[in-house]
Amino acid sequence: MRTRAALLLLWLCSAPLAAAQERLHYPARPEPGQATTGQLVIHGALDLGHIRPLLASFHRQHPDIALTYRNLDTLPLYERFLAAPDEVDVLISSAMPWQYRLANDGHAQPLDSAAAAAWPDWARWRQELFAFTFEPVVMVVRRELIERFGRPESHADLLALLQAHGDALAGRVVTYDPSRSGAGYTYAIEESRLSPRYWDLVAAFGQARAHLVDTTGEMLTGLAEGRYWLGYNLLGSYARQVVERDPALEMVIPDDYALVTQRLALIPRQAPHPRSARRFLDYLIGLAGQRVIAEQTALGAVHPGLDGPGTADHLRATHGEALRPLALGPGLLATLDDLKRQALLARWRREFSRGGAAGD
């Protein structure tokens, strides 16, 4: 909790105190003579600093709706929903396999609207599950590493750096622990499919005695404090805001391949306020909400009508075929298969330990 609060202060130093809390509430403020027409409850695995501009903009457009947002980690969000599927109107999470499972298991209701029908096919499943952000997975490096060893621009550069200077970088590298982090595990399984050198890279992390952590926030805190010189597979939307405020840090989108994760939103079948939920989801994937994402957040807008900075089209124009979005489809369920998970984690530990032994 202290780590998250510290990062929020770093990212949002000018924000009001509520930014350090886990809940936002916007009371209904109907026009004179207008009755309060609705309520809206949103649960999201999205830090308050990122969601606040969207919620504030939506509430300005719909002041008659009382809006409550609760920020939860991905697994507690998923488990809380299964325990009480009728308490929330909109569910938002970056844990793509878990969101897909909920929709696939019949927990989502369709959004029958013009915005939903026009949403890109690659960014929706049926009309029940919608990807509304475009967030590359990145490296973050400190000035000290660049000055001494150069800036790694690709996974090949990173592997060569770790193999040549693993001892000099011992304890200075940080990445996810895939056995504890859902994001780390998802990235590991995708990279093992993408790159034949992935397991060499895991071994090189072991050689450099990389620290293994649970969140992008922990990596960013250590990088900002100078404890780490290189962080691997950070969520770019979170990293960008910290890097922009710290001249000692640089963000690298690898030029050989870069995974892209997306936030997925759905309306539960048992949503207590479905009318308000539909209005919010229409806003989220509509031009107004997507413009807020592009201009006021680092999440990356998906709307095909937007093409400037802060959009998926702009990232594609600058990074081309290197961007590899996680596909929104049945393949996501494979990451939740217990036997496959155990096999991948066993190999990950074996390769990481092999690299550590080689470095001893």
# chains A, B, ... in the order shown; residues from 1 in each chain; ligands from 1
$ closest_atom_pairs --of "stretch 283-334 of chain A" --to "stretch 44-55 of chain A" --cutoff "7 Å" --atoms "only C-alpha atoms" --output "tab-separated table"
residue	atom	partner	partner_atom	distance
A:Gly289	CA	A:Leu54	CA	6.5
A:Val292	CA	A:Leu54	CA	6.4
A:Gln296	CA	A:Pro53	CA	6.7
A:Thr297	CA	A:His50	CA	5.9
$ closest_atom_pairs --of "stretch 240-294 of chain A" --to "stretch 73-85 of chain A" --cutoff "8 Å" --atoms "only C-alpha atoms" --output "CSV"
residue,atom,partner,partner_atom,distance
A:Pro268,CA,A:Pro85,CA,7.0
A:Gln270,CA,A:Pro85,CA,6.3
A:Ala271,CA,A:Pro85,CA,7.5
$ select_by_dssp --residues "stretch 50-193 of chain A" --states "strand (DSSP E)" --output "ChimeraX atom specification"
/A:65-71,90-93,108-109,124-125,129-131,135-142,173-176
$ atom_distance --atom1 "atom CA of A:Ile253" --atom2 "atom CA of A:Pro325"
13.2 Å
$ closest_residue --among "A:Ala288, A:Tyr100, A:Leu24, A:Asp337" --to "A:Ile42" --atoms "only C-alpha atoms"
A:Leu24
$ residues_around --residues "stretch 88-99 of chain A" --least-positions-apart "4" --cutoff "9 Å" --atoms "only C-alpha atoms" --output "PyMOL selection string"
chain A and resi 40-46+73-75+77-78+81+84+103-104+129+182-183+186+261-274+276-278+280-281+326+328-336
$ residues_around --residues "A:Asp313" --least-positions-apart "4" --cutoff "8 Å" --atoms "only C-alpha atoms" --output "list in words"
Val302, Pro304, Leu306, Asp307, Gly308 and Ala317 of chain A
$ residues_around --residues "A:Thr37" --least-positions-apart "2" --cutoff "10 Å" --atoms "only C-alpha atoms" --output "list in words"
Ala28, Pro30, Gln34, Ala35, Gln39, His62, Pro63, Asp64, Ile65, Ala66, Arg275 and Ser276 of chain A
$ write_last_selection --atoms "N, CA and C atoms" --output "compact mmCIF listing (two decimals), in the first residue's frame"
# COMPACT_ATOMS: atom_id res chain seq x y z
N ALA A 28 -24.71 12.71 -7.53
CA ALA A 28 -25.59 13.27 -8.56
C ALA A 28 -25.82 14.75 -8.29
N PRO A 30 -28.18 16.94 -10.36
CA PRO A 30 -29.10 17.24 -11.47
C PRO A 30 -29.38 18.73 -11.59
N GLN A 34 -34.72 18.92 -12.20
CA GLN A 34 -34.47 17.60 -12.78
C GLN A 34 -34.22 16.60 -11.66
N ALA A 35 -34.86 15.46 -11.74
CA ALA A 35 -34.67 14.42 -10.73
C ALA A 35 -33.40 13.63 -11.02
N GLN A 39 -27.87 5.59 -11.00
CA GLN A 39 -26.63 5.32 -10.29
C GLN A 39 -25.74 4.49 -11.19
N HIS A 62 -23.18 13.79 -17.64
CA HIS A 62 -24.34 13.12 -17.05
C HIS A 62 -24.37 13.41 -15.55
N PRO A 63 -24.60 14.68 -15.16
CA PRO A 63 -24.55 15.03 -13.74
C PRO A 63 -25.69 14.42 -12.93
N ASP A 64 -26.69 13.88 -13.61
CA ASP A 64 -27.82 13.27 -12.91
C ASP A 64 -27.54 11.86 -12.45
N ILE A 65 -26.38 11.32 -12.78
CA ILE A 65 -26.01 9.95 -12.37
C ILE A 65 -25.02 10.02 -11.21
N ALA A 66 -25.35 9.34 -10.12
CA ALA A 66 -24.42 9.20 -9.00
C ALA A 66 -23.44 8.09 -9.33
N ARG A 275 -29.01 0.66 -17.48
CA ARG A 275 -29.13 1.83 -18.35
C ARG A 275 -27.93 2.75 -18.18
N SER A 276 -27.55 3.01 -16.93
CA SER A 276 -26.36 3.83 -16.68
C SER A 276 -25.11 3.15 -17.21
$ closest_residue --among "A:Pro32, A:Gly320, A:Gly38, A:Gly310" --to "A:Ala298" --atoms "only C-alpha atoms"
A:Gly310
$ decode --residues "stretch 154-168 of chain A" --atoms "C-alpha atoms" --output "compact mmCIF listing (two decimals), in the first residue's frame"
# COMPACT_ATOMS: atom_id res chain seq x y z
CA SER A 154 15.65 -4.38 -28.74
CA HIS A 155 15.43 -7.71 -26.97
CA ALA A 156 18.55 -8.77 -28.85
CA ASP A 157 20.39 -5.73 -27.46
CA LEU A 158 19.13 -6.51 -23.97
CA LEU A 159 20.24 -10.13 -24.17
CA ALA A 160 23.71 -9.13 -25.39
CA LEU A 161 23.98 -6.55 -22.61
CA LEU A 162 23.04 -9.01 -19.87
CA GLN A 163 25.27 -11.77 -21.21
CA ALA A 164 28.28 -9.45 -21.50
CA HIS A 165 27.79 -7.47 -18.29
CA GLY A 166 25.65 -9.63 -16.02
CA ASP A 167 28.12 -9.38 -13.16
CA ALA A 168 28.36 -5.59 -13.40
